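See below for model_20.cif, which holds mmCIF, C-alpha atoms.
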data_structure
loop_
_atom_site.group_PDB
_atom_site.id
_atom_site.type_symbol
_atom_site.label_atom_id
_atom_site.label_comp_id
_atom_site.auth_asym_id
_atom_site.auth_seq_id
_atom_site.Cartn_x
_atom_site.Cartn_y
_atom_site.Cartn_z
ATOM 1 C CA ASP A 1 0.343 20.404 -9.592
ATOM 2 C CA ASP A 2 1.752 18.095 -12.276
ATOM 3 C CA TRP A 3 1.301 15.090 -9.973
ATOM 4 C CA HIS A 4 -2.495 15.062 -10.304
ATOM 5 C CA TYR A 5 -4.756 14.669 -13.301
ATOM 6 C CA ARG A 6 -8.484 15.310 -13.733
ATOM 7 C CA LEU A 7 -10.342 12.991 -16.065
ATOM 8 C CA SER A 8 -11.975 14.655 -19.056
ATOM 9 C CA ASP A 9 -15.645 14.241 -19.950
ATOM 10 C CA ALA A 10 -14.658 11.947 -22.818
ATOM 11 C CA GLU A 11 -12.534 9.772 -20.513
ATOM 12 C CA ILE A 12 -15.338 9.542 -17.941
ATOM 13 C CA ALA A 13 -17.743 8.514 -20.716
ATOM 14 C CA GLU A 14 -15.253 5.819 -21.759
ATOM 15 C CA LEU A 15 -15.081 4.511 -18.195
ATOM 16 C CA LYS A 16 -18.875 4.404 -17.910
ATOM 17 C CA ALA A 17 -19.109 2.487 -21.181
ATOM 18 C CA ALA A 18 -16.417 0.068 -19.960
ATOM 19 C CA VAL A 19 -18.366 -0.612 -16.748
ATOM 20 C CA GLU A 20 -21.481 -1.377 -18.800
ATOM 21 C CA HIS A 21 -19.430 -3.659 -21.048
ATOM 22 C CA ALA A 22 -18.015 -5.519 -18.033
ATOM 23 C CA GLU A 23 -21.481 -5.939 -16.515
ATOM 24 C CA ARG A 24 -22.787 -7.418 -19.774
ATOM 25 C CA THR A 25 -20.211 -10.216 -19.606
ATOM 26 C CA GLY A 26 -22.049 -11.619 -16.580
ATOM 27 C CA LYS A 27 -18.745 -12.494 -14.934
ATOM 28 C CA PRO A 28 -18.175 -12.042 -11.198
ATOM 29 C CA MET A 29 -15.782 -9.195 -10.463
ATOM 30 C CA ARG A 30 -12.804 -11.465 -9.623
ATOM 31 C CA LYS A 31 -13.072 -13.066 -13.087
ATOM 32 C CA LEU A 32 -13.004 -9.759 -14.985
ATOM 33 C CA THR A 33 -9.794 -8.917 -16.807
ATOM 34 C CA ARG A 34 -8.345 -6.059 -18.819
ATOM 35 C CA ALA A 35 -10.015 -7.482 -21.945
ATOM 36 C CA ASP A 36 -13.431 -7.111 -20.294
ATOM 37 C CA PHE A 37 -12.843 -3.389 -19.685
ATOM 38 C CA PRO A 38 -11.835 -1.697 -22.960
ATOM 39 C CA LEU A 39 -10.191 1.725 -22.571
ATOM 40 C CA PRO A 40 -9.000 2.728 -26.074
ATOM 41 C CA LYS A 41 -8.384 6.399 -25.139
ATOM 42 C CA LEU A 42 -7.203 5.978 -21.543
ATOM 43 C CA ALA A 43 -4.881 3.020 -22.155
ATOM 44 C CA GLN A 44 -2.035 5.202 -23.452
ATOM 45 C CA ARG A 45 -2.376 7.575 -20.508
ATOM 46 C CA ILE A 46 -2.349 4.640 -18.083
ATOM 47 C CA ASP A 47 0.921 3.476 -19.682
ATOM 48 C CA ALA A 48 2.413 6.926 -18.971
ATOM 49 C CA TRP A 49 1.162 6.872 -15.352
ATOM 50 C CA ARG A 50 2.624 3.398 -14.829
ATOM 51 C CA HIS A 51 6.001 4.595 -16.075
ATOM 52 C CA GLU A 52 5.859 7.710 -13.853
ATOM 53 C CA ILE A 53 5.080 5.627 -10.760
ATOM 54 C CA ARG A 54 7.703 2.979 -11.498
ATOM 55 C CA HIS A 55 10.519 5.094 -12.949
ATOM 56 C CA GLY A 56 9.652 8.720 -12.165
ATOM 57 C CA ARG A 57 8.302 10.586 -9.149
ATOM 58 C CA GLY A 58 6.664 7.433 -7.788
ATOM 59 C CA PHE A 59 3.044 8.570 -7.435
ATOM 60 C CA VAL A 60 0.046 10.007 -9.258
ATOM 61 C CA LEU A 61 -3.425 11.229 -8.256
ATOM 62 C CA ILE A 62 -6.284 10.708 -10.719
ATOM 63 C CA ARG A 63 -9.435 12.705 -10.047
ATOM 64 C CA GLY A 64 -12.998 12.494 -11.275
ATOM 65 C CA LEU A 65 -14.075 8.835 -11.262
ATOM 66 C CA PRO A 66 -17.910 9.113 -11.140
ATOM 67 C CA VAL A 67 -18.385 7.024 -7.975
ATOM 68 C CA GLN A 68 -21.350 9.116 -6.832
ATOM 69 C CA GLU A 69 -23.241 8.099 -9.987
ATOM 70 C CA TRP A 70 -22.354 4.426 -9.589
ATOM 71 C CA THR A 71 -23.344 1.780 -7.095
ATOM 72 C CA GLU A 72 -20.554 0.452 -4.856
ATOM 73 C CA GLU A 73 -20.467 -2.674 -7.032
ATOM 74 C CA GLN A 74 -19.993 -0.609 -10.212
ATOM 75 C CA SER A 75 -17.235 1.450 -8.564
ATOM 76 C CA SER A 76 -15.572 -1.800 -7.516
ATOM 77 C CA ILE A 77 -15.759 -3.175 -11.056
ATOM 78 C CA ALA A 78 -14.273 0.024 -12.479
ATOM 79 C CA TYR A 79 -11.414 0.130 -9.992
ATOM 80 C CA TRP A 80 -10.659 -3.589 -10.207
ATOM 81 C CA CYS A 81 -10.435 -3.435 -14.003
ATOM 82 C CA ILE A 82 -8.400 -0.208 -13.998
ATOM 83 C CA GLY A 83 -5.997 -2.108 -11.754
ATOM 84 C CA HIS A 84 -5.673 -4.788 -14.440
ATOM 85 C CA HIS A 85 -4.685 -2.106 -16.929
ATOM 86 C CA PHE A 86 -1.819 -1.145 -14.611
ATOM 87 C CA GLY A 87 -0.675 -4.664 -13.683
ATOM 88 C CA ILE A 88 -1.807 -7.701 -11.687
ATOM 89 C CA PRO A 89 -3.946 -7.210 -8.529
ATOM 90 C CA GLY A 90 -2.673 -9.382 -5.687
ATOM 91 C CA ALA A 91 -3.978 -10.758 -2.389
ATOM 92 C CA GLN A 92 -3.814 -8.396 0.605
ATOM 93 C CA ASN A 93 -4.352 -10.893 3.428
ATOM 94 C CA PRO A 94 -4.546 -14.670 4.044
ATOM 95 C CA GLU A 95 -8.246 -14.612 3.177
ATOM 96 C CA GLY A 96 -7.216 -13.806 -0.399
ATOM 97 C CA ASP A 97 -8.957 -10.431 -0.594
ATOM 98 C CA LEU A 98 -7.901 -8.860 -3.885
ATOM 99 C CA LEU A 99 -9.951 -5.683 -3.494
ATOM 100 C CA GLY A 100 -9.563 -4.362 0.055
ATOM 101 C CA HIS A 101 -12.041 -2.197 1.952
ATOM 102 C CA VAL A 102 -10.293 0.449 4.038
ATOM 103 C CA ARG A 103 -12.693 1.552 6.765
ATOM 104 C CA ASP A 104 -13.105 1.536 10.526
ATOM 105 C CA GLN A 105 -14.663 -1.800 11.424
ATOM 106 C CA ARG A 106 -15.233 -0.659 15.037
ATOM 107 C CA THR A 107 -14.562 -4.142 16.375
ATOM 108 C CA GLY A 108 -12.266 -3.170 19.226
ATOM 109 C CA LYS A 109 -10.106 -6.191 18.359
ATOM 110 C CA ASP A 110 -6.375 -6.314 17.681
ATOM 111 C CA VAL A 111 -6.609 -5.896 13.902
ATOM 112 C CA ARG A 112 -4.458 -4.300 11.230
ATOM 113 C CA TYR A 113 -4.551 -0.519 11.436
ATOM 114 C CA TYR A 114 -6.337 0.083 8.121
ATOM 115 C CA ARG A 115 -9.426 -1.468 9.743
ATOM 116 C CA THR A 116 -9.490 1.262 12.431
ATOM 117 C CA ASN A 117 -9.644 5.069 12.527
ATOM 118 C CA LYS A 118 -6.167 5.370 14.070
ATOM 119 C CA SER A 119 -3.318 7.357 12.607
ATOM 120 C CA ILE A 120 -0.920 5.128 10.686
ATOM 121 C CA ALA A 121 2.816 5.770 10.656
ATOM 122 C CA PRO A 122 4.753 5.942 7.357
ATOM 123 C CA HIS A 123 5.029 2.497 5.814
ATOM 124 C CA CYS A 124 5.108 0.428 2.621
ATOM 125 C CA ASP A 125 2.908 -2.465 1.492
ATOM 126 C CA ALA A 126 3.866 -5.826 -0.016
ATOM 127 C CA ALA A 127 3.397 -5.080 -3.742
ATOM 128 C CA ASP A 128 4.956 -2.946 -6.478
ATOM 129 C CA PHE A 129 2.092 -0.400 -6.342
ATOM 130 C CA VAL A 130 -0.646 0.376 -3.841
ATOM 131 C CA GLY A 131 -3.762 2.163 -5.023
ATOM 132 C CA LEU A 132 -6.640 3.775 -3.145
ATOM 133 C CA LEU A 133 -10.012 4.812 -4.558
ATOM 134 C CA CYS A 134 -12.017 7.125 -2.294
ATOM 135 C CA LEU A 135 -15.751 6.367 -2.093
ATOM 136 C CA ASN A 136 -16.500 8.427 1.046
ATOM 137 C CA LYS A 137 -14.274 10.704 3.114
ATOM 138 C CA ALA A 138 -14.287 11.051 6.900
ATOM 139 C CA LYS A 139 -16.097 13.764 8.827
ATOM 140 C CA SER A 140 -12.661 15.172 9.649
ATOM 141 C CA GLY A 141 -9.076 13.979 9.306
ATOM 142 C CA GLY A 142 -8.001 10.857 7.467
ATOM 143 C CA LEU A 143 -5.489 12.664 5.239
ATOM 144 C CA SER A 144 -3.293 10.463 3.075
ATOM 145 C CA ARG A 145 0.362 11.383 3.647
ATOM 146 C CA ILE A 146 3.237 10.336 1.390
ATOM 147 C CA ALA A 147 7.009 10.791 1.518
ATOM 148 C CA SER A 148 9.939 9.581 -0.563
ATOM 149 C CA SER A 149 11.640 6.647 1.160
ATOM 150 C CA VAL A 150 14.760 7.478 -0.871
ATOM 151 C CA ALA A 151 14.806 11.045 0.465
ATOM 152 C CA VAL A 152 14.254 9.804 4.030
ATOM 153 C CA TYR A 153 17.088 7.281 3.601
ATOM 154 C CA ASN A 154 19.456 9.963 2.294
ATOM 155 C CA GLU A 155 18.607 12.266 5.199
ATOM 156 C CA LEU A 156 19.152 9.444 7.687
ATOM 157 C CA LEU A 157 22.515 8.826 6.027
ATOM 158 C CA ARG A 158 23.359 12.510 6.532
ATOM 159 C CA ARG A 159 22.190 12.721 10.166
ATOM 160 C CA LYS A 160 22.923 9.252 11.564
ATOM 161 C CA PRO A 161 25.192 7.353 9.146
ATOM 162 C CA GLU A 162 26.074 4.793 11.811
ATOM 163 C CA LEU A 163 22.447 3.543 11.816
ATOM 164 C CA VAL A 164 22.013 2.936 8.094
ATOM 165 C CA ASP A 165 23.536 -0.573 7.924
ATOM 166 C CA ARG A 166 20.863 -1.806 10.354
ATOM 167 C CA LEU A 167 18.238 -1.195 7.658
ATOM 168 C CA TYR A 168 19.664 -4.116 5.681
ATOM 169 C CA GLN A 169 19.208 -6.591 8.528
ATOM 170 C CA PRO A 170 15.848 -8.178 9.485
ATOM 171 C CA ILE A 171 13.568 -6.525 12.043
ATOM 172 C CA TRP A 172 10.699 -8.465 13.598
ATOM 173 C CA PHE A 173 7.324 -7.619 12.035
ATOM 174 C CA ASP A 174 3.956 -8.153 13.807
ATOM 175 C CA THR A 175 1.483 -9.794 11.403
ATOM 176 C CA LYS A 176 -1.508 -9.502 13.775
ATOM 177 C CA GLY A 177 -1.872 -13.252 13.346
ATOM 178 C CA ASP A 178 -2.416 -13.216 9.585
ATOM 179 C CA GLY A 179 -1.553 -16.579 8.040
ATOM 180 C CA GLY A 180 -1.201 -18.253 11.430
ATOM 181 C CA ILE A 181 2.143 -16.529 12.026
ATOM 182 C CA ARG A 182 2.342 -14.027 14.893
ATOM 183 C CA ALA A 183 5.527 -12.332 13.686
ATOM 184 C CA PHE A 184 8.571 -12.844 11.497
ATOM 185 C CA PRO A 185 11.763 -10.898 10.701
ATOM 186 C CA ILE A 186 12.163 -8.937 7.451
ATOM 187 C CA ALA A 187 14.782 -6.419 6.295
ATOM 188 C CA PRO A 188 13.478 -2.862 5.749
ATOM 189 C CA CYS A 189 15.833 -2.144 2.837
ATOM 190 C CA ALA A 190 17.383 -3.927 -0.107
ATOM 191 C CA TYR A 191 19.649 -2.526 -2.781
ATOM 192 C CA ALA A 192 19.611 -4.364 -6.087
ATOM 193 C CA ASP A 193 20.311 -3.572 -9.737
ATOM 194 C CA GLY A 194 21.073 0.058 -8.911
ATOM 195 C CA GLU A 195 17.855 0.697 -6.968
ATOM 196 C CA LEU A 196 17.100 1.174 -3.290
ATOM 197 C CA ARG A 197 13.847 -0.576 -2.358
ATOM 198 C CA SER A 198 12.215 -0.133 1.024
ATOM 199 C CA PHE A 199 9.707 -2.037 3.138
ATOM 200 C CA TRP A 200 9.233 0.182 6.170
ATOM 201 C CA GLN A 201 6.627 -0.811 8.785
ATOM 202 C CA SER A 202 7.532 0.881 12.075
ATOM 203 C CA ASP A 203 4.053 0.489 13.608
ATOM 204 C CA TYR A 204 4.322 -3.278 13.236
ATOM 205 C CA TYR A 205 8.025 -3.391 14.122
ATOM 206 C CA ARG A 206 7.127 -1.679 17.405
ATOM 207 C CA GLU A 207 4.050 -3.857 17.997
ATOM 208 C CA ALA A 208 6.175 -7.005 17.697
ATOM 209 C CA GLN A 209 8.080 -5.931 20.811
ATOM 210 C CA ARG A 210 5.089 -7.056 22.884
ATOM 211 C CA LEU A 211 5.757 -10.685 21.960
ATOM 212 C CA SER A 212 7.853 -12.691 24.392
ATOM 213 C CA PHE A 213 9.929 -14.489 21.734
ATOM 214 C CA VAL A 214 10.931 -11.286 19.886
ATOM 215 C CA PRO A 215 14.311 -9.793 20.910
ATOM 216 C CA LYS A 216 13.974 -6.355 22.489
ATOM 217 C CA PHE A 217 15.281 -3.345 20.595
ATOM 218 C CA THR A 218 18.751 -2.152 21.384
ATOM 219 C CA ALA A 219 19.185 1.557 22.029
ATOM 220 C CA ALA A 220 20.545 1.974 18.492
ATOM 221 C CA GLU A 221 17.556 0.158 16.963
ATOM 222 C CA GLN A 222 15.120 2.315 18.910
ATOM 223 C CA THR A 223 16.962 5.418 17.719
ATOM 224 C CA LEU A 224 16.795 4.137 14.145
ATOM 225 C CA LEU A 225 13.006 3.751 14.234
ATOM 226 C CA ASP A 226 12.472 7.079 15.970
ATOM 227 C CA THR A 227 14.786 8.987 13.641
ATOM 228 C CA TYR A 228 13.443 7.436 10.436
ATOM 229 C CA ASP A 229 9.829 8.167 11.434
ATOM 230 C CA ALA A 230 10.733 11.686 12.582
ATOM 231 C CA ILE A 231 12.317 12.517 9.227
ATOM 232 C CA ALA A 232 9.325 11.145 7.291
ATOM 233 C CA GLY A 233 7.078 13.264 9.539
ATOM 234 C CA GLU A 234 8.820 16.569 8.836
ATOM 235 C CA PRO A 235 6.895 19.018 6.584
ATOM 236 C CA ASP A 236 9.823 19.319 4.170
ATOM 237 C CA PHE A 237 9.561 15.590 3.445
ATOM 238 C CA TYR A 238 5.854 14.796 3.220
ATOM 239 C CA LEU A 239 2.878 15.713 1.053
ATOM 240 C CA ASP A 240 -0.681 15.452 2.401
ATOM 241 C CA MET A 241 -3.626 14.589 0.142
ATOM 242 C CA ASP A 242 -7.220 15.112 1.205
ATOM 243 C CA LEU A 243 -8.778 12.486 -1.044
ATOM 244 C CA GLU A 244 -12.233 13.314 -2.387
ATOM 245 C CA PRO A 245 -14.821 10.779 -3.609
ATOM 246 C CA GLY A 246 -13.682 9.667 -7.062
ATOM 247 C CA ASP A 247 -9.965 10.226 -6.422
ATOM 248 C CA ILE A 248 -7.502 7.421 -7.163
ATOM 249 C CA GLN A 249 -4.078 7.610 -5.527
ATOM 250 C CA LEU A 250 -1.419 5.275 -6.915
ATOM 251 C CA ILE A 251 2.094 5.029 -5.459
ATOM 252 C CA SER A 252 5.222 2.895 -5.683
ATOM 253 C CA ASN A 253 5.810 0.827 -2.548
ATOM 254 C CA HIS A 254 9.504 0.612 -3.374
ATOM 255 C CA THR A 255 10.222 4.350 -3.267
ATOM 256 C CA ILE A 256 7.252 6.013 -1.537
ATOM 257 C CA LEU A 257 6.124 5.755 2.083
ATOM 258 C CA HIS A 258 2.460 6.334 2.841
ATOM 259 C CA ALA A 259 0.733 7.191 6.100
ATOM 260 C CA ARG A 260 -2.652 8.368 7.362
ATOM 261 C CA THR A 261 -3.738 10.886 9.937
ATOM 262 C CA GLY A 262 -6.346 9.723 12.458
ATOM 263 C CA TYR A 263 -9.920 10.654 11.738
ATOM 264 C CA GLU A 264 -13.389 11.255 13.144
ATOM 265 C CA ASP A 265 -16.089 9.445 11.215
ATOM 266 C CA TRP A 266 -19.758 10.062 10.605
ATOM 267 C CA ASP A 267 -22.412 8.417 12.773
ATOM 268 C CA GLU A 268 -24.428 7.339 9.736
ATOM 269 C CA PRO A 269 -23.012 4.068 8.322
ATOM 270 C CA GLU A 270 -23.662 5.064 4.704
ATOM 271 C CA LYS A 271 -21.571 8.243 5.084
ATOM 272 C CA ARG A 272 -18.521 6.737 6.812
ATOM 273 C CA ARG A 273 -15.029 6.898 5.359
ATOM 274 C CA HIS A 274 -14.587 4.134 2.815
ATOM 275 C CA LEU A 275 -11.740 3.533 0.390
ATOM 276 C CA LEU A 276 -11.085 0.633 -1.956
ATOM 277 C CA ARG A 277 -7.506 -0.639 -2.048
ATOM 278 C CA LEU A 278 -5.518 -2.568 -4.624
ATOM 279 C CA TRP A 279 -2.058 -4.099 -4.343
ATOM 280 C CA ILE A 280 -0.651 -4.280 -7.865
ATOM 281 C CA SER A 281 2.342 -6.236 -9.136
ATOM 282 C CA LEU A 282 4.011 -5.302 -12.408
ATOM 283 C CA PRO A 283 4.677 -7.999 -15.017
ATOM 284 C CA GLU A 284 8.056 -6.477 -15.883
ATOM 285 C CA LYS A 285 10.817 -8.300 -17.673
ATOM 286 C CA LYS A 286 13.658 -8.072 -15.157
ATOM 287 C CA PRO A 287 17.390 -8.546 -15.707
ATOM 288 C CA LEU A 288 18.662 -12.025 -14.862
ATOM 289 C CA ARG A 289 20.630 -10.786 -11.821
ATOM 290 C CA LEU A 290 17.563 -9.014 -10.395
ATOM 291 C CA ARG A 291 15.418 -12.107 -10.945
ATOM 292 C CA TRP A 292 18.015 -14.151 -9.057
ATOM 293 C CA LEU A 293 18.158 -11.648 -6.189
ATOM 294 C CA THR A 294 14.349 -11.532 -6.004
ATOM 295 C CA THR A 295 14.156 -15.325 -5.894
ATOM 296 C CA LYS A 296 16.837 -15.454 -3.204
ATOM 297 C CA SER A 297 15.002 -12.815 -1.144
ATOM 298 C CA LEU A 298 11.669 -14.611 -1.524
ATOM 299 C CA ALA A 299 13.224 -17.941 -0.526
ATOM 300 C CA GLY A 300 14.624 -16.357 2.629
ATOM 301 C CA LEU A 301 11.251 -14.830 3.473
ATOM 302 C CA ILE A 302 9.456 -18.155 2.952
ATOM 303 C CA ALA A 303 12.046 -19.962 5.097
ATOM 304 C CA ARG A 304 11.674 -17.468 7.959
ATOM 305 C CA SER A 305 7.869 -17.566 7.698
ATOM 306 C CA SER A 306 7.829 -21.369 7.680
ATOM 307 C CA LYS A 307 10.079 -21.476 10.723
ATOM 308 C CA GLU A 308 7.758 -19.111 12.595
ATOM 309 C CA LEU A 309 4.686 -21.107 11.556
ATOM 310 C CA VAL A 310 6.241 -24.272 13.011
ATOM 311 C CA ARG A 311 7.214 -22.381 16.173
ATOM 312 C CA ALA A 312 3.655 -21.025 16.521
ATOM 313 C CA ARG A 313 2.114 -24.493 16.124
ATOM 314 C CA ILE A 314 4.443 -25.993 18.730
ATOM 315 C CA ALA A 315 3.676 -23.129 21.118
ATOM 316 C CA SER A 316 -0.094 -23.601 20.632
ATOM 317 C CA ARG A 317 0.181 -27.245 21.785
ATOM 318 C CA HIS A 318 1.708 -26.124 25.064
#

Would you mind writing the structure in this file as structure tokens?
Amino acid sequence: DDWHYRLSDAEIAELKAAVEHAERTGKPMRKLTRADFPLPKLAQRIDAWRHEIRHGRGFVLIRGLPVQEWTEEQSSIAYWCIGHHFGIPGAQNPEGDLLGHVRDQRTGKDVRYYRTNKSIAPHCDAADFVGLLCLNKAKSGGLSRIASSVAVYNELLRRKPELVDRLYQPIWFDTKGDGGIRAFPIAPCAYADGELRSFWQSDYYREAQRLSFVPKFTAAEQTLLDTYDAIAGEPDFYLDMDLEPGDIQLISNHTILHARTGYEDWDEPEKRRHLLRLWISLPEKKPLRLRWLTTKSLAGLIARSSKELVRARIASRH
């Protein structure tokens, strides 16, 4: 049980005082920074959690945030500012949402899976850390499932070594239309400066197959997706968390996969499952070689995205 921590009464009191301090500034939430949310006692513990997520086991669960005593706005302020103590919150979609709301929008439209009550396959998000704060849990289901992407990779290497090289080549990713791009190719794995980093998104790799301009999977590629997901879905590889209101789950996107079981929600809107999500980037000082590799990778991603944006615009005219 050393992966979860329950806040003490003194730490909760410090968080409440910090929320009051932030409210007194009169700033809108997006303008609040770490300086507006003083945490003299918790700051050292947050430093230790950041190190554990980045360089250790890759995840932590913090319990006891008093969300049931706060309004949704106060919970949002607390979580947003805690995020600033860990790093830099980043945009999660083209609309620029920095604090995401994970709930079933019941629209029936083709939207990203976090806006539905569907099960979500193991995946990573586009930031160093992803964090979830539970405000309300579902009537049943909706468990948060995590697995080590490094362990899954090593097991794939043991079972199907001939498939591993394909992880370092781009696979088409369905964006659901975000940013005006329908899909673009991205490599699931990169190995740099002695670290394996993963960006696994099999739900969206599979969804992209519906698009006419996306090459169809070969038999080997289909086997790769099926085998990788099967390993991540084996009990020896995953850990389920039943998040309670006030729980914060923080994980490394580079080394930890996360998933969700499907769920049944409440009929009453005020009781429905609702989590707040942050994507956090770390302002680390990186070795020169890693900075160069990151820049090269980003340039390639921008080039592929730009190419697909042009293709989409030409297609829309016809």

Q: Find the distance between CA of His21 in chain A and CA of Arg34 in chain A and write it in Å to one decimal.
A: 11.6 Å

Q) What lies within 12 Å of range 208-217 of chain A using all atoms listed in the file, ignoring chain neighbours under 2 positions off, as JSON, numbers by chain? A) {"A": [166, 170, 171, 172, 173, 174, 175, 176, 177, 181, 182, 183, 184, 185, 201, 202, 203, 204, 205, 206, 219, 220, 221, 222, 223, 224, 225, 226, 308, 311, 312, 315]}

Q) Taking the file as shown, what set of residues would the PyMOL selection byres ((chain A and resi 264) around 7) give back, as a list in words? A) Ala138, Lys139, Ser140, Gly141, Tyr263, Asp265 and Trp266 of chain A

Q | Expected selection from the PyMOL selection byres ((chain A and resi 269-272) around 12), given as number ranges by chain | A | A: 68, 72, 102-106, 116-117, 134-140, 142, 245, 263-268, 273-275

What does the file look like for those residues with C-alpha atoms, as a JSON list (two decimals), in the frame of the given file?
[["chain", "number", "residue", "atom", "x", "y", "z"],
["A", 68, "GLN", "CA", -21.35, 9.12, -6.83],
["A", 72, "GLU", "CA", -20.55, 0.45, -4.86],
["A", 102, "VAL", "CA", -10.29, 0.45, 4.04],
["A", 103, "ARG", "CA", -12.69, 1.55, 6.76],
["A", 104, "ASP", "CA", -13.10, 1.54, 10.53],
["A", 105, "GLN", "CA", -14.66, -1.80, 11.42],
["A", 106, "ARG", "CA", -15.23, -0.66, 15.04],
["A", 116, "THR", "CA", -9.49, 1.26, 12.43],
["A", 117, "ASN", "CA", -9.64, 5.07, 12.53],
["A", 134, "CYS", "CA", -12.02, 7.12, -2.29],
["A", 135, "LEU", "CA", -15.75, 6.37, -2.09],
["A", 136, "ASN", "CA", -16.50, 8.43, 1.05],
["A", 137, "LYS", "CA", -14.27, 10.70, 3.11],
["A", 138, "ALA", "CA", -14.29, 11.05, 6.90],
["A", 139, "LYS", "CA", -16.10, 13.76, 8.83],
["A", 140, "SER", "CA", -12.66, 15.17, 9.65],
["A", 142, "GLY", "CA", -8.00, 10.86, 7.47],
["A", 245, "PRO", "CA", -14.82, 10.78, -3.61],
["A", 263, "TYR", "CA", -9.92, 10.65, 11.74],
["A", 264, "GLU", "CA", -13.39, 11.26, 13.14],
["A", 265, "ASP", "CA", -16.09, 9.44, 11.22],
["A", 266, "TRP", "CA", -19.76, 10.06, 10.60],
["A", 267, "ASP", "CA", -22.41, 8.42, 12.77],
["A", 268, "GLU", "CA", -24.43, 7.34, 9.74],
["A", 273, "ARG", "CA", -15.03, 6.90, 5.36],
["A", 274, "HIS", "CA", -14.59, 4.13, 2.82],
["A", 275, "LEU", "CA", -11.74, 3.53, 0.39]]

Q. Do you have the CA of Gln44 in chain A-CA of Ser198 in chain A distance handy?
A. 28.8 Å

Please provide as a compact mmCIF listing (two decimals) with C-alpha atoms, keeping the file's coordinate frame all residues within 10 Å of Thr33 in chain A, with the sequence filter that same-chain residues fewer than 5 positions apart are discarded (counting only C-alpha atoms).
# COMPACT_ATOMS: atom_id res chain seq x y z
CA ALA A 22 -18.02 -5.52 -18.03
CA LYS A 27 -18.74 -12.49 -14.93
CA PRO A 38 -11.84 -1.70 -22.96
CA TRP A 80 -10.66 -3.59 -10.21
CA CYS A 81 -10.44 -3.44 -14.00
CA ILE A 82 -8.40 -0.21 -14.00
CA GLY A 83 -6.00 -2.11 -11.75
CA HIS A 84 -5.67 -4.79 -14.44
CA HIS A 85 -4.68 -2.11 -16.93
CA ILE A 88 -1.81 -7.70 -11.69

Q: Would you mind telling me which residue in A:Thr218, A:Ser8, A:Ser76, A:Ser281 lies nearest to Val130 in chain A when using all atoms listed in the file?
A: A:Ser281

Would you place a box with edges along x, y and z of the file around all atoms of range 172-191 of chain A listed there, add 6 Å to each of its six sides, and report the centre and edge lengths in Å to one decimal, as lines of an AutoDock Vina configuration file?
center_x = 8.6
center_y = -10.2
center_z = 6.1
size_x = 34.1
size_y = 28.1
size_z = 29.7

Q: Would you mind reading off the distance between CA of Gly131 in chain A and CA of Glu14 in chain A, one decimal, in Å?
A: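 Taking CA of Gly131 in chain A and CA of Glu14 in chain A, their separation equals 20.6 Å.
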
Q: Extract, using only C-alpha atoms, all DNA, RNA and protein residues at most 12 Å from Tyr79 in chain A, discarding same-chain residues fewer than 3 positions from it, and format them as an NGL selection string.
A: :A and (15-16 or 18-19 or 22 or 29-30 or 32-34 or 37 or 62 or 65-67 or 70 or 72-76 or 82-86 or 89 or 98-100 or 131-135 or 246-250 or 275-280)

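Residues matched by the PyMOL selection byres ((chain A and resi 155) around 12) in this file are Ser148, Ser149, Val150, Ala151, Val152, Tyr153, Asn154, Leu156, Leu157, Arg158, Arg159, Lys160, Pro161, Leu163, Val164, Thr227, Tyr228, Asp229, Ala230, Ile231, Ala232, Glu234, Asp236 and Phe237 of chain A.
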